[in-house]
Every structure is written in structure tokens, then in C-alpha cells.
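Since the structure comes first, as C-alpha cells, the remarks are kept for the end.
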Amino acid sequence: MAGLACVSQSPLLQAFGAVGGTAASPGFRFVDVTSSVGIQFQHNSGAFGGKFLPETMGSGCAFLDYDRDGWQDILLVNGMDWPGHKQRRSTLRLYRNNGNGTFTDVTSRAGLDIEMYGMGVAVGDYDNDGFPDILITCVGQNRLFHNTGKGTFVDVTNSSGLGKRQAFSTSALWFDYDRDGLLDLFVCNYVKWSPEQDVFCSLDGKHKSYCTPEAYRGETCWLFHNRGNGTFEDVTASSGIFDSSSKSLGVAMLDDDQDGWLDLLVANDTQPNKLYRNQRNGTFKDAAVEVGLAFSTEGKARAGMGVDVGDFTNSGRSGVAITNFDNEMTGLYEFGGKTYEDIAAQAGVGMASKNSLGFGCVFFDANLDGWLDLAVANGHIDETVRNIRGNVGYAQPPLLFLNNGQGKFRDVATELGGGFEQPKVGRGLAYGDFDRDGDLDLLLTTNNGAAHLYRNDQLAGNLSIRFRLVGTKSNRDGIGATVRIVSGGLSQSRMVKSGSSYLSQSELPITFGLEKRDRVERVVVTWSSGRTEEFTNLAAGRCYECTEGKGIVPLDGF
């Protein structure tokens, strides 16, 4: 495993670079530890031959510390059999991290052994009681589960006011858009679909096939304002979010105009992407067209699936990744001063992703060299695709693009081992340090298949530093806070965020790779409340807990 013990390992293996035109080792490897740690999961799409649209979409996953013991637990969302075609019982799965490299299935014990056609997950402490709550988006009725703090969850969907609306919901996130210290909720919806409204589509005019989203009308996303008493107010219309033409699959938060108020970027399938800019008065305005994020460089709406935001240039400004359909390439957007430019082609991401259909995507520093890398889960929507196009398969290899710090990315998936490079019908993707060794592990879900947990083992001896934020005036999770560090002349920034990727959520603690730097000279935390705090001279190889207004303390290990 990685961490401080790895400093003396494999000195010949160096972090990604290029010497004489030859690419060096990635500096880390992946090990598929799914079975060995005790995770046994099978996603149920409910497919019975009826070719219902939701069956193609898969479900997501999350890293969360639901019991606040300092170890990241795992939640895997599941579907279910359709009414009238009942064959088996399937529920989501919550796995408790035992702190010794293994997990225990605590789904039933936690009160989550409930059938629903689940899609996505968003984790956030909406009542600031110190324990993370869980929203599961569904086909039909979304479900909100309140964490009791005693290892169990209670379904509060109806009492919270979220039980009044049903749709084909996908990704979601928690964020404090009005800076009142309470997490509000944003939910993506895909299209107007139900079994009764299912459309007959066919490739040959005889046999039913899965429809594309063009066969259905769009559906607006939803915004729910947290009243602070356990209930939420639907402010979709009054906030300017309402747009019934959207077909939304992914959402990420960012501060696009750097005014200290959170904005939202929504990936839409066959419709223009949306950048909902926070007007600081409870309303939002779509600025995606004017900043260059709505369409491809050819001016076309692509099949946006997953989305993530991260400062991959270490410039202090976030860039964007949006996954798309095969033959469309993953979009990689760099901020150019006033607008975003899709640099995927010249950065090495474009052609490498062209024959893939991307879903989940995450920026994370895989090799701890101080530069954000990009992982993408791929997989087609229909197993018959192999009969249509020779160069595109149903199961597809994930991609992992290493960032060389000079504007170029290289796919190293085939060099990582652990079966990571094997083709999968990939959907959800999230990162988290489940073994607390200081590097980031990956969790990947597949449609109608297994989940995969890949342990990251560092080989180059690179160091890291981690931060866990606790808000006081800001929301308890610190969601929306930005941490900037300076170490050895290298500046980096990360935001504590809910959402991102596709139907999934990564852990809330944030990780900075430091390469061989053993100290961080300066840390600046900007809270969502507007408060800024600065700390100096912190040692690498540690996790620090920063409480708003109360300072910073080192925790035991990572």
C-alpha cells in the first residue's frame, strides 16, 4: 500500500514524465480488491426484454463516512425488477469500513434494505448534526434518508417535503447556494418517461431497441431550498432553474466567476449544457453559451453524461471535463480569461476517448505529483452495438489520463494492472482513500454487473497532505469551501464538493499530492460563509482537521 512507508520503495520508478520521448512509469498501480475486502454486489437493471430506457443508464456509488469513525464507507445504488416482471429482490448496499482493509455489509442493520429503482446518490449533512445524510435519486420517487447518528437511517422523504414530485431523476448534489449555512439540494432529471409512456424504437423496423433521448420530451431539473427545520421548499421556478427542455445527467459545483457564490454546471444529453450562474439573490442565470460550455467546438449539443470540475492547470481557475457519446470525444475545457476552450484534442484526451462512450469522470491526483489527473468510466448503452459498429464495443476499457503539468495528458490505463484496463459496461465513478494511506482509490460501477474497488498503491514514494473541513457558520461538511496550498513553489487548489462524475459522489476530505515535498508552507481556506483562514508550515504525510474559526489540528495518520 501507499503512504509514508512507500518513500523507500522502487527508486527507479518515477512519476510520469518523458525522457528522450519515452514515457516513464505511471508511478502507481491499481489492485482490484473488491472481493478480498468483502464487497459482493450485483447491479440489477431490471431488464426483461422490454427495452425500457432506464435499463441502459446504470447506477452510481459513493464514498462516505456515515458513522464518523474516520474511515470511508461505501454505498452502491441499485435498481430493481419492473412491476409485472418480478424475479428477485435487490436493494442498495451500504458497506461499513472496518478499518482493517475489509468491509461489512450493514445495509439491513442501517435500515436501508429498501427496494427502489435507484439511479444516483448525493451525500450531505443537511441538518448540521454532524452525520451525513443520503439522497437516492430514482426512477419515480427520490428518497431522502436522515442519519440518526446511531448507525441507522430513517426515510424522511415525505416529512421533508421531497415526496411531492416524481420523475426520472439522475445525478444530484448538496450545496449552499444562499450562504445561510444550510445545504440546499439540486436534482437532475432526464426525460419524461414511465413504463406507460414507453416509446417503441427499432433499428430494423421489427424488433424493439433502446430509444435515444430524442424520442422523449425533456424534463426540468429541481432546486430545493433548505428551510432549516428539516423541510425543503421547491424553488425551481422562482430561482430561474426551470427549463423543461433539459435532459440532464450530470451536475458539478464551481465558483465560475469567483465571486464567492456557488454556481452549477449541468451536463445535458443531446441538449445544450447549462452553467447556472448564481445571481446572489436566490436566482440563477444560464451563462453556458456565452462562456463556451453549452456546445461542442462545432456548435453542436453533444450527449453530455458525466461532469467534473477541477484546477488541473494549477492556475487557481477550475477547468471542466464532460463525458459524451462515442465519436464525440470527452470535452476538456480550460478557462481562457473570459470563456472556456475545449483543449481535449491538443491535450491528448480527444482522440483517446473518441471511440468510447463516457459516463463517470473524476479529477484526482492519482500519482500524487501535484497535478490533477482524469479518470473516465466507459461503456455503451446497448449490447447490440457490436453488430452495428466494428470499432465500438458494449463493454469498454476505462481511461486514466495522467497530467504531465505542461498541458498534456496520457492514458495509462493499460499500465496500471489489477484488471482496471479490462472492458466494462462502466457507469458510476468515485474516489476516496478507503485505507487511509494518503492516496486516492477508485470505485467503479457497471450496468447490470459488478462494482469494482481499485486500491491505489504508490510506487514512486510521492507524499500527500489531506484536509477534513468542519464548518461552523458555513455548513457542517464545509461543502463549497476552497483550500489553496503552496509547497515548494507549486500552488494547488481544491474545493470540497458534493456531486460531480455521473450518479456518484467522491469523499468529502480533500487530498493534495506533493511529489517529494515534505512540507506545505502556506494553506488558505476560504469558507462558503466568506471567511478566510491561513495556516503555515504543515508537515506532509498527515491529515488535518480544520474547523471554521477554531483552527487546525493534525489527526492520527491519514
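Letters A, B, ... mark the chains of the C-alpha cells in the order given; residue numbers begin at 1 per chain; ligand numbers begin at 1, in order shown.
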| Selection near stretch 410-416 of chain A, 6 Å with only C-alpha atoms, sequence-local residues under 2 positions removed, as a PyMOL selection string | chain A and resi 29-30+399-402+421
| said: Using only C-alpha atoms, which protein or nucleic acid residues come within 7 Å of stretch 168-174 of chain A? Drop anything in the same chain fewer than 4 positions from it, and give the result as a ChimeraX atom specification. | reply: /A:119-122,124,137-140,183-193,249-251,498-499,502-503
Now that the selection is made, can you save its residues with N, CA and C atoms as a CSV table (one decimal), in the first residue's frame?
chain,number,residue,atom,x,y,z
A,119,MET,N,-31.0,5.4,-9.0
A,119,MET,CA,-30.0,5.9,-10.0
A,119,MET,C,-28.8,6.5,-9.4
A,120,GLY,N,-28.9,7.7,-8.7
A,120,GLY,CA,-27.8,8.4,-8.2
A,120,GLY,C,-27.8,8.5,-6.7
A,121,VAL,N,-26.7,9.1,-6.2
A,121,VAL,CA,-26.6,9.3,-4.8
A,121,VAL,C,-25.9,10.7,-4.5
A,122,ALA,N,-26.4,11.4,-3.5
A,122,ALA,CA,-25.7,12.6,-3.1
A,122,ALA,C,-25.7,12.6,-1.5
A,124,GLY,N,-24.8,14.5,2.1
A,124,GLY,CA,-24.5,15.8,2.8
A,124,GLY,C,-25.3,15.9,4.1
A,137,THR,N,-31.5,9.3,-5.8
A,137,THR,CA,-32.4,9.6,-6.9
A,137,THR,C,-32.9,8.4,-7.5
A,138,CYS,N,-34.1,8.4,-8.0
A,138,CYS,CA,-34.7,7.2,-8.5
A,138,CYS,C,-35.5,7.5,-9.8
A,139,VAL,N,-35.9,6.4,-10.4
A,139,VAL,CA,-37.0,6.5,-11.4
A,139,VAL,C,-38.3,6.4,-10.6
A,140,GLY,N,-39.0,7.5,-10.6
A,140,GLY,CA,-40.2,7.5,-9.7
A,140,GLY,C,-40.0,8.5,-8.6
A,183,LEU,N,-27.4,23.3,3.8
A,183,LEU,CA,-27.2,22.7,2.4
A,183,LEU,C,-28.6,22.6,1.7
A,184,ASP,N,-28.6,23.2,0.5
A,184,ASP,CA,-29.8,23.0,-0.3
A,184,ASP,C,-29.5,21.9,-1.3
A,185,LEU,N,-30.5,21.5,-2.1
A,185,LEU,CA,-30.5,20.3,-2.9
A,185,LEU,C,-30.8,20.6,-4.3
A,186,PHE,N,-29.9,20.2,-5.2
A,186,PHE,CA,-30.2,20.3,-6.7
A,186,PHE,C,-30.3,18.9,-7.2
A,187,VAL,N,-31.3,18.6,-8.0
A,187,VAL,CA,-31.6,17.3,-8.6
A,187,VAL,C,-31.7,17.4,-10.1
A,188,CYS,N,-31.0,16.6,-10.8
A,188,CYS,CA,-31.1,16.5,-12.3
A,188,CYS,C,-32.2,15.5,-12.6
A,189,ASN,N,-33.0,15.9,-13.7
A,189,ASN,CA,-33.9,14.9,-14.2
A,189,ASN,C,-33.7,14.8,-15.7
A,190,TYR,N,-33.9,13.5,-16.2
A,190,TYR,CA,-33.5,13.2,-17.6
A,190,TYR,C,-34.6,13.5,-18.6
A,191,VAL,N,-35.6,12.6,-18.8
A,191,VAL,CA,-36.6,12.8,-19.7
A,191,VAL,C,-38.0,12.4,-19.1
A,192,LYS,N,-39.1,12.8,-19.8
A,192,LYS,CA,-40.4,12.4,-19.3
A,192,LYS,C,-40.6,10.9,-19.7
A,193,TRP,N,-40.4,10.0,-18.8
A,193,TRP,CA,-40.5,8.6,-19.1
A,193,TRP,C,-41.2,7.8,-18.0
A,249,LEU,N,-28.0,14.8,-17.0
A,249,LEU,CA,-27.4,13.5,-16.4
A,249,LEU,C,-26.3,13.8,-15.4
A,250,GLY,N,-25.6,14.9,-15.5
A,250,GLY,CA,-24.5,15.1,-14.5
A,250,GLY,C,-24.5,16.6,-14.1
A,251,VAL,N,-24.1,16.8,-12.8
A,251,VAL,CA,-24.0,18.1,-12.3
A,251,VAL,C,-22.8,18.3,-11.4
A,498,SER,N,-19.9,18.2,-3.2
A,498,SER,CA,-20.9,17.1,-3.4
A,498,SER,C,-21.1,17.0,-4.9
A,499,GLY,N,-21.7,15.9,-5.3
A,499,GLY,CA,-22.0,15.7,-6.7
A,499,GLY,C,-20.7,15.5,-7.5
A,502,TYR,N,-20.9,11.0,-12.4
A,502,TYR,CA,-22.2,10.6,-13.0
A,502,TYR,C,-22.9,9.7,-12.0
A,503,LEU,N,-23.9,10.2,-11.4
A,503,LEU,CA,-24.8,9.5,-10.4
A,503,LEU,C,-24.0,9.2,-9.1
| query | Within 12 Å of stretch 437-439 of chain A, counting only C-alpha atoms, which residues qualify if same-chain residues fewer than 5 places away don't, as a VMD selection string? | reply | chain A and resid 1 to 6 28 to 30 71 to 72 99 to 101 364 to 370 431 to 432 454 to 459 461 to 467 509 to 515 540 to 544 556 to 558
Resulting file, chosen residues, N, CA and C atoms, as a compact mmCIF listing (two decimals), in the first residue's frame:
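Listed below is the output, result_38.txt:
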# COMPACT_ATOMS: atom_id res chain seq x y z
N MET A 1 0.83 -1.19 0.00
CA MET A 1 0.00 0.00 0.00
C MET A 1 0.87 1.25 0.00
N ALA A 2 0.22 2.39 -0.15
CA ALA A 2 0.96 3.63 -0.26
C ALA A 2 1.20 4.24 1.10
N GLY A 3 1.58 5.52 1.09
CA GLY A 3 1.76 6.23 2.33
C GLY A 3 3.22 6.46 2.64
N LEU A 4 3.50 6.76 3.92
CA LEU A 4 4.86 7.08 4.31
C LEU A 4 5.80 5.90 4.13
N ALA A 5 5.27 4.69 4.28
CA ALA A 5 6.12 3.51 4.16
C ALA A 5 6.65 3.33 2.76
N CYS A 6 6.06 4.03 1.81
CA CYS A 6 6.45 3.84 0.41
C CYS A 6 7.62 4.72 -0.01
N PHE A 28 2.41 4.43 -10.01
CA PHE A 28 1.46 3.79 -9.10
C PHE A 28 0.80 2.64 -9.86
N ARG A 29 0.08 1.82 -9.11
CA ARG A 29 -0.67 0.72 -9.74
C ARG A 29 -2.01 0.60 -9.04
N PHE A 30 -2.92 -0.08 -9.72
CA PHE A 30 -4.22 -0.39 -9.14
C PHE A 30 -4.30 -1.88 -8.85
N TRP A 71 -13.15 6.57 8.82
CA TRP A 71 -12.88 5.65 7.72
C TRP A 71 -14.00 5.77 6.69
N GLN A 72 -13.63 5.83 5.42
CA GLN A 72 -14.61 5.98 4.35
C GLN A 72 -15.37 4.68 4.10
N GLY A 99 -11.89 -0.63 9.06
CA GLY A 99 -10.63 -0.03 9.47
C GLY A 99 -9.44 -0.95 9.39
N ASN A 100 -9.65 -2.14 8.86
CA ASN A 100 -8.55 -3.11 8.74
C ASN A 100 -8.41 -3.63 7.32
N GLY A 101 -8.94 -2.87 6.36
CA GLY A 101 -8.86 -3.31 4.96
C GLY A 101 -10.04 -4.13 4.51
N PHE A 364 -8.61 13.75 -10.10
CA PHE A 364 -7.95 13.41 -8.84
C PHE A 364 -6.46 13.22 -9.13
N ASP A 365 -5.63 13.40 -8.12
CA ASP A 365 -4.19 13.28 -8.31
C ASP A 365 -3.79 11.84 -8.05
N ALA A 366 -3.82 11.04 -9.11
CA ALA A 366 -3.61 9.60 -8.97
C ALA A 366 -2.21 9.24 -8.51
N ASN A 367 -1.21 9.97 -8.99
CA ASN A 367 0.19 9.64 -8.66
C ASN A 367 0.82 10.61 -7.67
N LEU A 368 0.01 11.50 -7.11
CA LEU A 368 0.44 12.42 -6.05
C LEU A 368 1.61 13.30 -6.47
N ASP A 369 1.60 13.74 -7.73
CA ASP A 369 2.68 14.61 -8.20
C ASP A 369 2.30 16.09 -8.15
N GLY A 370 1.10 16.39 -7.65
CA GLY A 370 0.68 17.77 -7.53
C GLY A 370 -0.15 18.28 -8.70
N TYR A 431 -13.89 8.60 -6.12
CA TYR A 431 -12.60 8.35 -5.48
C TYR A 431 -12.71 8.55 -3.98
N GLY A 432 -11.83 7.87 -3.24
CA GLY A 432 -11.77 8.01 -1.79
C GLY A 432 -10.59 7.22 -1.26
N TYR A 454 -10.76 -0.34 -6.65
CA TYR A 454 -9.35 -0.42 -7.03
C TYR A 454 -8.52 0.31 -5.98
N ARG A 455 -7.66 -0.44 -5.30
CA ARG A 455 -6.74 0.17 -4.34
C ARG A 455 -5.55 0.76 -5.09
N ASN A 456 -5.22 1.98 -4.74
CA ASN A 456 -4.10 2.70 -5.34
C ASN A 456 -2.85 2.40 -4.52
N ASP A 457 -1.85 1.82 -5.14
CA ASP A 457 -0.57 1.56 -4.49
C ASP A 457 0.50 2.44 -5.12
N GLN A 458 1.04 3.36 -4.34
CA GLN A 458 2.08 4.25 -4.84
C GLN A 458 3.41 3.52 -4.94
N LEU A 459 4.13 3.78 -6.03
CA LEU A 459 5.42 3.12 -6.27
C LEU A 459 6.58 4.11 -6.33
N GLY A 461 7.06 6.80 -4.24
CA GLY A 461 7.40 7.45 -2.99
C GLY A 461 6.88 8.86 -2.85
N ASN A 462 5.89 9.23 -3.63
CA ASN A 462 5.34 10.58 -3.53
C ASN A 462 4.51 10.73 -2.26
N LEU A 463 4.51 11.96 -1.73
CA LEU A 463 3.82 12.26 -0.48
C LEU A 463 2.53 13.03 -0.75
N SER A 464 1.70 13.12 0.27
CA SER A 464 0.45 13.87 0.15
C SER A 464 0.12 14.54 1.47
N ILE A 465 -0.87 15.42 1.42
CA ILE A 465 -1.43 16.03 2.62
C ILE A 465 -2.94 16.09 2.42
N ARG A 466 -3.70 15.81 3.49
CA ARG A 466 -5.15 15.75 3.38
C ARG A 466 -5.79 16.69 4.40
N PHE A 467 -6.98 17.19 4.04
CA PHE A 467 -7.71 18.11 4.91
C PHE A 467 -9.16 17.67 5.02
N PRO A 509 -13.30 14.70 2.32
CA PRO A 509 -11.93 15.17 2.58
C PRO A 509 -11.18 15.38 1.27
N ILE A 510 -10.26 16.35 1.27
CA ILE A 510 -9.54 16.65 0.04
C ILE A 510 -8.06 16.31 0.18
N THR A 511 -7.48 15.90 -0.94
CA THR A 511 -6.12 15.39 -0.98
C THR A 511 -5.28 16.19 -1.97
N PHE A 512 -4.09 16.58 -1.53
CA PHE A 512 -3.12 17.23 -2.40
C PHE A 512 -1.89 16.33 -2.51
N GLY A 513 -1.47 16.02 -3.74
CA GLY A 513 -0.20 15.35 -3.94
C GLY A 513 0.93 16.36 -3.84
N LEU A 514 2.04 15.94 -3.26
CA LEU A 514 3.16 16.85 -3.03
C LEU A 514 4.45 16.38 -3.69
N GLU A 515 4.40 15.27 -4.45
CA GLU A 515 5.59 14.66 -5.01
C GLU A 515 6.55 14.37 -3.85
N ALA A 540 3.93 17.15 5.59
CA ALA A 540 3.30 16.20 4.68
C ALA A 540 3.06 14.88 5.41
N GLY A 541 2.30 14.00 4.76
CA GLY A 541 2.06 12.69 5.32
C GLY A 541 1.06 12.68 6.46
N ARG A 542 0.22 13.71 6.53
CA ARG A 542 -0.77 13.81 7.60
C ARG A 542 -2.11 14.25 7.04
N CYS A 543 -3.16 13.99 7.82
CA CYS A 543 -4.47 14.56 7.56
C CYS A 543 -4.75 15.58 8.66
N TYR A 544 -5.22 16.74 8.27
CA TYR A 544 -5.51 17.81 9.22
C TYR A 544 -7.01 18.09 9.23
N ASP A 556 -4.54 11.52 13.59
CA ASP A 556 -3.64 10.37 13.58
C ASP A 556 -3.56 9.82 12.16
N GLY A 557 -2.36 9.84 11.58
CA GLY A 557 -2.18 9.31 10.23
C GLY A 557 -3.00 10.09 9.23
N PHE A 558 -3.48 9.36 8.21
CA PHE A 558 -4.32 9.98 7.19
C PHE A 558 -5.79 9.85 7.56
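Distance-wise, atom CA of A:Asn142 and atom CA of A:Asp155 end up 10.6 Å apart.
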As a JSON list (two decimals) with C-alpha atoms, in the first residue's frame, please: the residues near A:Leu64 (cut-off 10 Å, only C-alpha atoms, same-chain neighbours under 6 positions excluded).
[["chain", "number", "residue", "atom", "x", "y", "z"],
["A", 70, "GLY", "CA", -12.69, 8.46, 10.26],
["A", 71, "TRP", "CA", -12.88, 5.65, 7.72],
["A", 72, "GLN", "CA", -14.61, 5.98, 4.35],
["A", 73, "ASP", "CA", -17.55, 3.63, 3.91],
["A", 74, "ILE", "CA", -19.06, 2.64, 0.55],
["A", 75, "LEU", "CA", -22.59, 2.94, -0.80],
["A", 94, "LEU", "CA", -24.04, 0.10, 2.43],
["A", 95, "TYR", "CA", -20.66, -1.32, 3.38],
["A", 96, "ARG", "CA", -19.07, -0.23, 6.65],
["A", 97, "ASN", "CA", -15.30, 0.18, 6.63],
["A", 122, "ALA", "CA", -25.73, 12.63, -3.05],
["A", 123, "VAL", "CA", -24.31, 12.76, 0.47],
["A", 124, "GLY", "CA", -24.53, 15.80, 2.75],
["A", 132, "PRO", "CA", -24.04, 12.70, 6.69],
["A", 133, "ASP", "CA", -27.49, 12.13, 5.23],
["A", 134, "ILE", "CA", -28.19, 10.34, 1.95],
["A", 432, "GLY", "CA", -11.77, 8.01, -1.79],
["A", 434, "PHE", "CA", -10.58, 3.90, 1.96],
["A", 505, "GLN", "CA", -20.11, 11.16, -5.09],
["A", 506, "SER", "CA", -16.48, 11.07, -4.04],
["A", 507, "GLU", "CA", -15.29, 11.53, -0.46],
["A", 508, "LEU", "CA", -15.50, 14.97, 1.17],
["A", 509, "PRO", "CA", -11.93, 15.17, 2.58]]
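A straight line drawn from atom CA of A:Asn44 to atom CA of A:Trp82 is 10.4 Å long.
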| task | Within stretch 59-225 of chain A, find each residue whose DSSP state, derived from the backbone, is helix (DSSP H, G or I), and express the selection as an MDAnalysis selection string. | result | chainID A and resid 162:164 195:197 213:215
| task | Please return as number ranges by chain: the residues of stretch 252-481 of chain A that backbone DSSP assigns to strand (DSSP E or B). | result | A: 252-254, 263-269, 274-278, 284-286, 303, 307-310, 319-322, 331-335, 340-342, 358-364, 373-379, 395-396, 399-403, 409-411, 424, 426-432, 441-446, 450-458, 463-470
| 8 Å contact set for A:Gly240, only C-alpha atoms, chain neighbours under 3 positions out, as a list in words | Thr236, Ala237, Thr283, Phe284 and Lys285 of chain A
| request: Name the residues in contact with A:Ala451 at a cut-off of 12 Å, using only C-alpha atoms, excluding same-chain residues fewer than 2 positions from it; report them as an MDAnalysis selection string. | output: chainID A and resid 32:35 38:44 58:62 74:78 92:93 377 420 424:430 442:449 453:454
| request: Identify, on the basis of only C-alpha atoms, every residue whose closest approach to stretch 403-408 of chain A does not exceed 10 Å; exclude the query and any residue fewer than 4 positions from it along the same chain; express the result as a PyMOL selection string. | output: chain A and resi 15-18+312-314+334+343-349+365-367+369-374
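The coordinates place atom CA of A:Phe200 at 24.4 Å from atom CA of A:Gln141.
Minimum atom-to-atom distance to A:Ala301, evaluated using only C-alpha atoms, belongs to A:Phe325 out of A:Pro398, A:Asp441, A:Gly282, A:Phe325.
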